[in-house]
Structure formats: structure tokens, C-alpha cells
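Trainee: Below is the file structure.cif, with mmCIF, C-alpha atoms.
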data_target
loop_
_atom_site.label_atom_id
_atom_site.label_comp_id
_atom_site.auth_asym_id
_atom_site.auth_seq_id
_atom_site.Cartn_x
_atom_site.Cartn_y
_atom_site.Cartn_z
CA MET A 1 -5.67 2.58 -0.16
CA SER A 2 -9.14 3.90 0.40
CA VAL A 3 -11.92 4.41 2.85
CA ASN A 4 -14.27 2.54 0.53
CA TYR A 5 -11.83 -0.35 0.28
CA ALA A 6 -11.29 -0.53 4.05
CA ALA A 7 -15.02 -0.35 4.77
CA GLY A 8 -15.67 -3.25 2.41
CA LEU A 9 -13.36 -5.66 4.25
CA SER A 10 -14.64 -8.16 6.78
CA PRO A 11 -14.11 -7.38 10.49
CA TYR A 12 -10.60 -8.36 11.56
CA ALA A 13 -9.03 -7.85 14.96
CA ASP A 14 -5.29 -7.99 14.26
CA LYS A 15 -4.47 -5.15 11.87
CA GLY A 16 -0.87 -4.78 13.04
CA VAL A 17 0.90 -1.99 14.87
CA CYS A 18 -0.60 1.38 13.96
CA GLY A 19 0.26 5.03 14.56
CA LEU A 20 4.00 4.72 15.20
CA ALA A 21 5.91 8.00 15.29
CA GLU A 22 7.49 9.15 12.06
CA VAL A 23 11.23 9.79 11.76
CA PHE A 24 12.85 12.23 9.33
CA ASP A 25 16.46 12.28 8.16
CA SER A 26 18.07 15.70 7.93
CA PRO A 27 18.33 17.14 4.39
CA GLU A 28 22.09 16.44 4.36
CA GLU A 29 21.65 12.87 5.62
CA LEU A 30 18.84 12.22 3.15
CA LYS A 31 20.94 13.45 0.26
CA ALA A 32 23.88 11.26 1.28
CA LYS A 33 21.69 8.18 1.63
CA VAL A 34 20.02 8.68 -1.75
CA LYS A 35 23.47 9.05 -3.30
CA CYS A 36 24.39 5.65 -1.84
CA LEU A 37 21.09 4.23 -3.13
CA ALA A 38 21.85 5.52 -6.63
CA GLN A 39 25.17 3.68 -6.57
CA LEU A 40 23.47 0.47 -5.43
CA VAL A 41 20.94 0.80 -8.27
CA LYS A 42 23.72 1.30 -10.82
CA GLU A 43 25.59 -1.76 -9.56
CA SER A 44 22.50 -3.95 -9.34
CA GLN A 45 21.85 -6.56 -12.00
CA TYR A 46 18.32 -7.35 -10.86
CA MET A 47 16.48 -4.80 -8.72
CA VAL A 48 13.01 -5.50 -7.36
CA VAL A 49 10.79 -2.83 -5.80
CA HIS A 50 8.16 -3.54 -3.13
CA SER A 51 5.55 -0.78 -2.88
CA GLY A 52 3.02 -0.07 -0.16
CA ALA A 53 0.29 2.42 0.65
CA GLY A 54 2.83 5.11 1.51
CA ILE A 55 3.56 5.82 -2.17
CA SER A 56 -0.07 6.85 -2.76
CA THR A 57 -0.64 9.26 0.15
CA SER A 58 0.53 12.21 -1.95
CA THR A 59 -2.30 11.46 -4.39
CA GLY A 60 -4.92 11.99 -1.67
CA ILE A 61 -5.42 8.30 -0.81
CA PRO A 62 -4.75 7.61 2.90
CA ASP A 63 -2.48 4.83 4.09
CA PHE A 64 -3.42 2.34 6.80
CA ARG A 65 -1.00 2.56 9.73
CA GLY A 66 0.44 6.06 9.45
CA PRO A 67 -0.41 8.80 11.99
CA ARG A 68 -3.58 9.57 10.00
CA GLY A 69 -4.02 6.11 8.51
CA VAL A 70 -7.31 4.26 8.17
CA TRP A 71 -6.58 1.65 10.83
CA THR A 72 -4.89 4.20 13.12
CA LEU A 73 -7.94 6.45 13.15
CA GLU A 74 -10.24 3.46 13.50
CA GLU A 75 -8.48 2.53 16.75
CA LYS A 76 -9.17 6.06 17.99
CA GLY A 77 -12.82 5.92 16.94
CA GLU A 78 -12.27 8.54 14.22
CA SER A 79 -13.08 8.51 10.51
CA PRO A 80 -10.28 8.88 7.93
CA HIS A 81 -10.19 11.76 5.48
CA PHE A 82 -10.29 10.88 1.80
CA ASP A 83 -9.32 13.62 -0.68
CA THR A 84 -10.06 11.87 -3.96
CA THR A 85 -11.76 8.92 -5.62
CA PHE A 86 -10.04 5.94 -7.19
CA GLU A 87 -11.07 7.10 -10.67
CA ASP A 88 -9.81 10.66 -10.10
CA ALA A 89 -6.53 9.77 -8.37
CA ARG A 90 -3.45 10.49 -10.46
CA PRO A 91 -0.22 8.48 -10.21
CA SER A 92 2.29 10.12 -7.89
CA LEU A 93 5.83 11.15 -8.76
CA THR A 94 6.96 7.82 -7.31
CA HIS A 95 4.61 5.83 -9.56
CA MET A 96 5.96 7.58 -12.64
CA ALA A 97 9.57 7.35 -11.47
CA LEU A 98 9.19 3.58 -11.15
CA LEU A 99 7.94 3.49 -14.73
CA GLY A 100 11.00 5.46 -15.76
CA LEU A 101 13.31 3.05 -13.93
CA GLN A 102 11.66 0.10 -15.65
CA ARG A 103 11.97 1.65 -19.09
CA ALA A 104 15.63 2.45 -18.44
CA GLY A 105 16.32 -1.17 -17.56
CA TYR A 106 17.12 -0.67 -13.87
CA LEU A 107 13.88 -2.01 -12.38
CA LYS A 108 13.29 -5.64 -13.30
CA TYR A 109 10.15 -6.37 -11.31
CA LEU A 110 7.59 -4.52 -9.18
CA ILE A 111 5.69 -6.13 -6.30
CA SER A 112 2.82 -4.14 -4.83
CA GLN A 113 0.41 -4.57 -1.93
CA ASN A 114 -1.71 -1.66 -3.20
CA VAL A 115 -5.17 -2.10 -4.67
CA ASP A 116 -5.63 1.45 -6.00
CA GLY A 117 -4.62 0.49 -9.54
CA LEU A 118 -2.22 3.41 -9.90
CA HIS A 119 0.69 1.26 -11.05
CA VAL A 120 -1.36 -0.14 -13.93
CA ARG A 121 -2.94 3.24 -14.75
CA SER A 122 0.52 4.82 -14.84
CA GLY A 123 1.40 2.53 -17.76
CA PHE A 124 3.64 0.15 -15.86
CA PRO A 125 3.86 -3.17 -17.79
CA ARG A 126 1.58 -5.76 -16.23
CA ASP A 127 3.95 -8.60 -17.09
CA LYS A 128 6.52 -7.02 -14.77
CA LEU A 129 4.07 -6.37 -11.94
CA SER A 130 2.56 -8.49 -9.16
CA GLU A 131 -0.46 -6.98 -7.42
CA LEU A 132 -0.64 -9.33 -4.46
CA HIS A 133 -3.81 -7.95 -2.88
CA GLY A 134 -5.71 -7.27 -6.09
CA ASN A 135 -6.72 -4.24 -8.13
CA MET A 136 -9.92 -2.23 -7.79
CA PHE A 137 -10.10 -1.88 -11.60
CA VAL A 138 -9.48 -5.51 -12.56
CA GLU A 139 -11.85 -8.48 -12.80
CA ASP A 140 -10.88 -12.04 -13.57
CA CYS A 141 -12.63 -14.80 -15.55
CA GLU A 142 -12.90 -17.85 -13.32
CA LYS A 143 -13.19 -20.09 -16.40
CA CYS A 144 -10.44 -19.06 -18.82
CA GLY A 145 -8.34 -16.85 -16.54
CA ARG A 146 -8.53 -13.77 -18.76
CA GLN A 147 -8.31 -10.46 -16.88
CA PHE A 148 -10.10 -7.24 -17.79
CA VAL A 149 -8.88 -3.78 -16.77
CA ARG A 150 -11.83 -1.40 -16.47
CA GLU A 151 -12.05 2.39 -16.45
CA LYS A 152 -14.23 2.37 -13.33
CA VAL A 153 -13.76 0.51 -10.06
CA ILE A 154 -15.34 -2.95 -10.02
CA GLY A 155 -17.26 -2.26 -6.83
CA VAL A 156 -17.09 -5.86 -5.56
CA MET A 157 -14.59 -7.30 -3.09
CA GLY A 158 -13.55 -10.63 -1.63
CA LEU A 159 -13.13 -12.48 -4.96
CA LYS A 160 -16.90 -12.40 -5.50
CA PRO A 161 -18.77 -12.40 -8.87
CA THR A 162 -19.16 -8.96 -10.41
CA GLY A 163 -22.31 -9.85 -12.35
CA ARG A 164 -20.55 -9.78 -15.72
CA TYR A 165 -19.41 -12.58 -18.01
CA CYS A 166 -16.30 -13.16 -20.11
CA ASP A 167 -16.79 -12.15 -23.74
CA VAL A 168 -13.55 -13.60 -25.10
CA VAL A 169 -14.28 -15.53 -28.29
CA ARG A 170 -12.63 -18.92 -28.48
CA SER A 171 -10.57 -20.08 -31.44
CA ARG A 172 -12.16 -21.20 -34.71
CA GLY A 173 -15.02 -18.75 -34.32
CA LEU A 174 -16.76 -20.60 -31.52
CA ARG A 175 -19.02 -18.83 -29.06
CA ALA A 176 -17.67 -16.60 -26.28
CA CYS A 177 -16.23 -18.08 -23.10
CA ARG A 178 -19.11 -16.77 -20.92
CA GLY A 179 -17.26 -17.58 -17.70
CA LYS A 180 -18.23 -15.62 -14.60
CA LEU A 181 -16.06 -12.55 -13.88
CA ILE A 182 -14.94 -12.11 -10.30
CA SER A 183 -13.23 -9.29 -8.43
CA THR A 184 -9.51 -9.54 -7.73
CA ILE A 185 -9.64 -7.74 -4.36
CA LEU A 186 -8.73 -9.98 -1.43
CA ASP A 187 -10.45 -10.03 1.92
CA TRP A 188 -8.48 -10.73 5.09
CA GLU A 189 -8.59 -14.52 4.91
CA ASP A 190 -8.32 -14.90 1.11
CA ALA A 191 -5.25 -16.62 -0.35
CA LEU A 192 -2.96 -14.56 -2.53
CA PRO A 193 -3.29 -15.15 -6.30
CA ASP A 194 -0.96 -17.98 -7.33
CA ARG A 195 0.30 -16.37 -10.52
CA ASP A 196 1.22 -13.05 -8.91
CA LEU A 197 2.68 -14.66 -5.79
CA ASN A 198 4.81 -17.13 -7.76
CA ARG A 199 6.21 -14.39 -9.95
CA ALA A 200 6.90 -12.20 -6.93
CA ASP A 201 8.59 -15.06 -5.13
CA ASN A 202 10.80 -15.90 -8.11
CA ALA A 203 11.76 -12.26 -8.65
CA SER A 204 12.60 -11.80 -4.97
CA ARG A 205 14.86 -14.85 -4.98
CA HIS A 206 16.59 -13.68 -8.14
CA ALA A 207 17.07 -10.08 -6.99
CA ASP A 208 20.33 -8.66 -5.70
CA LEU A 209 18.62 -5.46 -4.51
CA ALA A 210 15.20 -5.15 -2.86
CA LEU A 211 13.97 -1.57 -2.55
CA THR A 212 10.88 -1.16 -0.32
CA LEU A 213 8.85 2.02 -0.65
CA GLY A 214 6.14 3.16 1.76
CA THR A 215 5.39 -0.16 3.43
CA SER A 216 5.76 -1.32 7.03
CA MET A 217 5.86 -4.93 5.76
CA GLN A 218 3.55 -6.17 8.51
CA ILE A 219 1.26 -8.26 6.30
CA LYS A 220 2.36 -11.80 5.44
CA PRO A 221 3.42 -13.27 3.12
CA SER A 222 3.93 -10.17 0.96
CA GLY A 223 5.80 -8.31 3.70
CA ASP A 224 8.36 -11.10 4.04
CA LEU A 225 9.30 -11.33 0.36
CA PRO A 226 12.27 -8.90 0.67
CA LEU A 227 13.85 -11.38 3.10
CA LEU A 228 14.17 -13.86 0.23
CA THR A 229 16.52 -11.41 -1.46
CA LYS A 230 18.56 -11.03 1.73
CA ARG A 231 18.85 -14.81 2.16
CA LYS A 232 20.21 -15.12 -1.37
CA GLY A 233 22.96 -12.61 -0.63
CA GLY A 234 21.18 -9.46 -1.85
CA LYS A 235 20.62 -6.15 -0.09
CA ILE A 236 17.46 -4.54 1.29
CA VAL A 237 16.97 -0.77 1.26
CA ILE A 238 13.94 0.52 3.16
CA VAL A 239 12.35 3.90 2.45
CA ASN A 240 9.70 4.63 5.08
CA LEU A 241 8.99 7.28 7.70
CA GLN A 242 7.92 4.81 10.36
CA PRO A 243 9.85 1.82 11.74
CA THR A 244 9.22 -1.38 9.79
CA LYS A 245 9.11 -5.03 10.68
CA HIS A 246 12.40 -5.76 8.91
CA ASP A 247 14.55 -2.74 9.80
CA LYS A 248 17.23 -4.98 11.33
CA HIS A 249 17.69 -6.76 8.00
CA ALA A 250 18.17 -3.57 6.00
CA HIS A 251 21.45 -2.59 4.38
CA MET A 252 20.22 1.01 4.62
CA ARG A 253 17.14 2.78 5.97
CA ILE A 254 16.00 6.07 4.47
CA HIS A 255 13.57 8.17 6.50
CA GLY A 256 11.98 10.56 4.04
CA TYR A 257 8.97 11.11 1.81
CA VAL A 258 9.12 8.61 -1.04
CA ASP A 259 8.41 11.26 -3.68
CA GLU A 260 11.40 13.32 -2.50
CA VAL A 261 13.65 10.26 -2.40
CA MET A 262 12.64 9.13 -5.88
CA GLU A 263 13.02 12.61 -7.34
CA GLN A 264 16.60 12.83 -6.06
CA LEU A 265 17.33 9.28 -7.21
CA MET A 266 16.16 9.90 -10.76
CA GLU A 267 18.25 13.05 -10.95
CA LEU A 268 21.36 11.20 -9.79
CA LEU A 269 20.74 8.48 -12.37
CA GLY A 270 20.29 11.09 -15.10
CA LEU A 271 16.77 9.90 -15.89
CA ASP A 272 13.66 11.91 -16.70
CA ILE A 273 10.43 11.14 -14.88
CA PRO A 274 7.77 10.26 -17.48
CA LYS A 275 4.78 12.57 -17.63
CA TRP A 276 1.37 11.09 -16.96
CA GLU A 277 -1.01 11.62 -19.87
CA GLY A 278 -4.08 9.86 -18.54
CA PRO A 279 -4.89 6.26 -17.61
CA THR A 280 -2.80 3.88 -19.72
CA VAL A 281 -2.73 0.09 -19.65
CA CYS A 282 0.42 -1.67 -20.85
CA GLU A 283 0.21 -5.47 -20.91
CA SER A 284 3.76 -6.23 -22.09
CA SER A 285 7.17 -4.72 -21.41
CA GLU A 286 8.63 -5.76 -24.77
CA SER A 287 7.78 -2.52 -26.53
CA THR A 288 8.64 -0.19 -23.63
CA THR A 289 11.88 -1.41 -22.11
CA ASP A 290 15.12 0.30 -23.02
CA VAL A 291 18.51 -1.31 -22.48
CA LYS A 292 20.11 -0.50 -19.13
CA PRO A 293 23.00 1.94 -19.61
CA PRO A 294 26.12 -0.23 -19.87
CA SER A 295 29.29 0.24 -17.88
CA ALA A 296 32.03 2.31 -19.47
CA VAL A 297 32.86 0.96 -22.95
CA THR A 298 36.58 0.44 -23.48
CA ALA A 299 38.38 1.58 -26.61
CA LYS A 300 39.00 -2.05 -27.51
CA GLY A 301 35.31 -2.83 -27.13
CA LYS A 302 34.38 0.14 -29.30
CA VAL A 303 36.75 -0.97 -32.07
CA LYS A 304 35.25 -4.46 -31.91
CA MET A 305 31.71 -3.11 -32.22
CA ASP A 306 32.75 -0.91 -35.18
CA LEU A 307 34.28 -3.95 -36.92
CA ILE A 308 31.12 -5.96 -36.38
CA LYS A 309 29.00 -3.14 -37.82
CA GLU A 310 31.29 -2.84 -40.86
CA GLU A 311 31.20 -6.61 -41.43
CA ARG A 312 27.41 -6.64 -41.27
CA LYS A 313 27.28 -3.75 -43.73
CA ARG A 314 29.51 -5.64 -46.19
CA GLU A 315 27.40 -8.78 -45.81
CA ALA A 316 24.22 -6.80 -46.52
CA THR A 317 25.79 -5.22 -49.62
CA GLN A 318 27.02 -8.61 -50.90
CA LEU A 319 23.58 -10.13 -50.33
CA ALA A 320 21.92 -7.35 -52.33
CA GLU A 321 24.42 -7.85 -55.20
CA ASP A 322 23.84 -11.63 -55.19
CA ARG A 323 20.10 -11.09 -55.38
CA GLU A 324 20.55 -8.71 -58.33
CA ASN A 325 22.78 -11.22 -60.17
CA VAL A 326 20.24 -13.99 -59.65
CA LYS A 327 17.51 -11.72 -60.95
CA GLU A 328 19.54 -10.86 -64.12
CA GLU A 329 20.26 -14.55 -64.76
CA MET A 330 16.56 -15.38 -64.53
CA VAL A 331 15.70 -12.61 -66.98
CA SER A 332 18.41 -13.87 -69.39
CA VAL A 333 17.07 -17.43 -69.25
CA LYS A 334 13.57 -16.18 -69.86
CA ARG A 335 14.70 -14.22 -72.93
CA GLU A 336 16.49 -17.28 -74.34
CA ARG A 337 13.32 -19.31 -74.02
CA VAL A 338 11.28 -16.65 -75.76
CA ASP A 339 13.79 -16.14 -78.59
CA SER A 340 14.25 -19.87 -79.33
CA PRO A 341 11.57 -21.10 -81.84
CA ALA A 342 9.52 -23.98 -80.67
CA ARG A 343 10.34 -27.19 -82.51
CA LEU A 344 7.43 -29.11 -83.94
CA PRO A 345 7.50 -32.88 -83.81
CA ASP A 346 8.57 -34.58 -87.03
CA GLU A 347 5.79 -35.78 -89.27
CA LYS A 348 5.50 -39.47 -89.64
#
Please lay out the structure from this file as C-alpha cells.
Mentor:
Amino acid sequence: MSVNYAAGLSPYADKGVCGLAEVFDSPEELKAKVKCLAQLVKESQYMVVHSGAGISTSTGIPDFRGPRGVWTLEEKGESPHFDTTFEDARPSLTHMALLGLQRAGYLKYLISQNVDGLHVRSGFPRDKLSELHGNMFVEDCEKCGRQFVREKVIGVMGLKPTGRYCDVVRSRGLRACRGKLISTILDWEDALPDRDLNRADNASRHADLALTLGTSMQIKPSGDLPLLTKRKGGKIVIVNLQPTKHDKHAHMRIHGYVDEVMEQLMELLGLDIPKWEGPTVCESSESTTDVKPPSAVTAKGKVKMDLIKEERKREATQLAEDRENVKEEMVSVKRERVDSPARLPDEK
């Protein structure tokens, strides 16, 4: 994710296997594999994507275990090169393509190990996203659980207090919560957030297709989540230039840059890649999700849908006429009451 992020972590000896050689499929082989991936995506009823640091390298943020990764260079006694800041980094083509897949109904859930905040800043719905290792832009109220997405990085790591307090006003006009806000960034020994992990676990078990992008899957438990999909009878497709921990479990391995793979995939699916128009936070998917393109509609099915539409139209017309009749009857009754002279009681 970032030099600043890596430098803020506690010392830790076992950072996994770093600096493995990269492998590239030929252009023809890459094209054929992405075509197979597109078919798997079309057939899938519940696709989950697992994203790692490799999807952010094109934005100028280094990965960890690549040839020029943070941990790789650290082993060599060298300093990593960082081309941007967290605030200035723009979502990559892959980030935006994932948003497009979600809106089109293909991508049901996104599980990320990244802390750069680019998924959230791309506009990806937070209720369809698990950020297992935290987010540099998010702080959490330890009292009420409310999360706040900021424009600037929090600057604190290891689930420590940020120095701010929750300003959410309770119901009935009572005073603000005033709970301490803490960072969401995990250190090496910190437990993963229950809410995000539980959602990720459930989605992985429910998925019939797990697509991993730019991750070597060396960190547990997040790296093992795709195996839950495999155990339930689903398929795993791995897109990564280096060998990964779970290559032997993959239905297909694609060795190519994730941006190139996702660009070809979106074209094969006939989907446009949304344009990024600045940092956007979307809390709910309800207003952004389109219906997944259905399978071919038969002539019989089309006739049935037309009949249903016609029936609904007739019902709406009948309802409007009934309302008009009721209204006329009420007016008639009112006129009768006005026209009829009031009878005075008989004198005694």
C-alpha cells in the first residue's frame, strides 16, 4: 500500500516469500484466458472478488512482495519508491471496472486486503465491501460503532485513538455520543474486524466464483478465504504475475497485469468502465445496483411479460375510474345535504 503505512507497522520477522519472479502469458494466451473468464462471470450466480496490493501499483502505490515491493526491497536493505500520496492517488482502471461489475449485477461482494482506501473513494458501495486490514481514511467510534470516512488520511495505526470524538447525536435530541474514535488500520498482531470478516466469510461460502486480483494470498486468514468457495464446489480464478500460495487450487491462472485483464473482460461483457470524477463515498448499494443481464428471453416468456404489463395497466385504469366514481358520489351526497332544508323541532 504505502511506504508510510509500512513504516508505521511494528517490527515483524515473517513477512512471507518476497521477490518471486514474474510470469507473463503471451498476448494470445492472455486473450484466450480472459475469454474463458468472461464466460465464467456470465455463468456465475454469485461472484466474489478478492483484491490485493497488485491492483494499486498502476496508481503509483508500491506493493509488498513484488520485485520492487516494500518488503522485497527491505530485505535487500533498499528503500521503496513512492510516486504519490494516499490523498492524491486515483483509483486504477481495475478499481473502476470492479465498480462497473457491481453496478451491472455481476459482482456480489468485494473483499480487500488493501488499506489505501481506493475502493471506497472509487464509489464502491461499502455495504458490499470488506476491508479486512482497515482503511487509511476511516476511523471508528469505539462506543457506538459508527464509522467516519475522512478526506485526509487518519495518520494513526494499530487501532489506536485518533484524538477525535464521535459527534453523532442520539435519538430524542440527547447529547452527542462522544465516544473515542480509533483508527481502523491493523498492526501485525491485531485481530481482523469481526463485522468485515464475518461478511467476507459468508460471501466466500456463498460464492460459486472467487476471482483474486493482485494478491499472493500469503496473509491469513484473508488469504485463505477463496478456499471456502472451492470447498463449497465453486471455482477460483487467480490473476497475478507471481506464483501464489493457492495456485494448485485454481481453476485457471492468468499471468498478466490486472488492468489489462480487466479492460479485456469488461469489453467482452459489453460493459463500460465508469469514469472517476473525484473521491466519492457510497454507503449503500441499493441506489447503484442494476439488474444482472438475464439469459436469453424466450418468446413465450416475452408474451407472458407483455400480458402481465397489460393486466397491470388495466388494473391501474380501473382503480382510477373507481376513485373518480367514489369522488362523484361524495359530491352528490354533499349537494343533497346542502339542498335539503334543515327541519326544526316541533314546538311544544
Trainee: At a cut-off of 8 Å, using only C-alpha atoms, what residues contact Leu209 in chain A? Leave out same-chain residues fewer than 4 positions from it and give the result as an NGL selection string.
Mentor: :A and (40-41 or 44 or 46-48 or 229 or 234-237)
Trainee: Might you spell out which residues the PyMOL selection byres ((chain A and resi 215-225) around 9) would select in the displayed file, as a CSV table (one decimal) with C-alpha atoms, in the frame of the given file?
Mentor:
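In the end it all went to result.csv:
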chain,number,residue,atom,x,y,z
A,15,LYS,CA,-4.5,-5.2,11.9
A,16,GLY,CA,-0.9,-4.8,13.0
A,17,VAL,CA,0.9,-2.0,14.9
A,50,HIS,CA,8.2,-3.5,-3.1
A,51,SER,CA,5.6,-0.8,-2.9
A,52,GLY,CA,3.0,-0.1,-0.2
A,53,ALA,CA,0.3,2.4,0.6
A,54,GLY,CA,2.8,5.1,1.5
A,55,ILE,CA,3.6,5.8,-2.2
A,65,ARG,CA,-1.0,2.6,9.7
A,111,ILE,CA,5.7,-6.1,-6.3
A,112,SER,CA,2.8,-4.1,-4.8
A,113,GLN,CA,0.4,-4.6,-1.9
A,132,LEU,CA,-0.6,-9.3,-4.5
A,133,HIS,CA,-3.8,-8.0,-2.9
A,192,LEU,CA,-3.0,-14.6,-2.5
A,197,LEU,CA,2.7,-14.7,-5.8
A,200,ALA,CA,6.9,-12.2,-6.9
A,201,ASP,CA,8.6,-15.1,-5.1
A,204,SER,CA,12.6,-11.8,-5.0
A,205,ARG,CA,14.9,-14.8,-5.0
A,212,THR,CA,10.9,-1.2,-0.3
A,213,LEU,CA,8.8,2.0,-0.6
A,214,GLY,CA,6.1,3.2,1.8
A,226,PRO,CA,12.3,-8.9,0.7
A,227,LEU,CA,13.8,-11.4,3.1
A,228,LEU,CA,14.2,-13.9,0.2
A,229,THR,CA,16.5,-11.4,-1.5
A,238,ILE,CA,13.9,0.5,3.2
A,239,VAL,CA,12.4,3.9,2.4
A,240,ASN,CA,9.7,4.6,5.1
A,242,GLN,CA,7.9,4.8,10.4
A,243,PRO,CA,9.8,1.8,11.7
A,244,THR,CA,9.2,-1.4,9.8
A,245,LYS,CA,9.1,-5.0,10.7
A,246,HIS,CA,12.4,-5.8,8.9
Trainee: CA of Ser92 in chain A to CA of Asp259 in chain A: how many Å, to one decimal?
Mentor: 7.5 Å
Trainee: By how many Å are CA of Asp63 in chain A and CA of Ser79 in chain A apart?
Mentor: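 Those two atoms sit 12.9 Å apart.
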Trainee: Rounded to one decimal in Å, what is the spacing between CA of Ile273 in chain A and CA of Gly100 in chain A?
Mentor: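 Separation between CA of Ile273 in chain A and CA of Gly100 in chain A: 5.8 Å.
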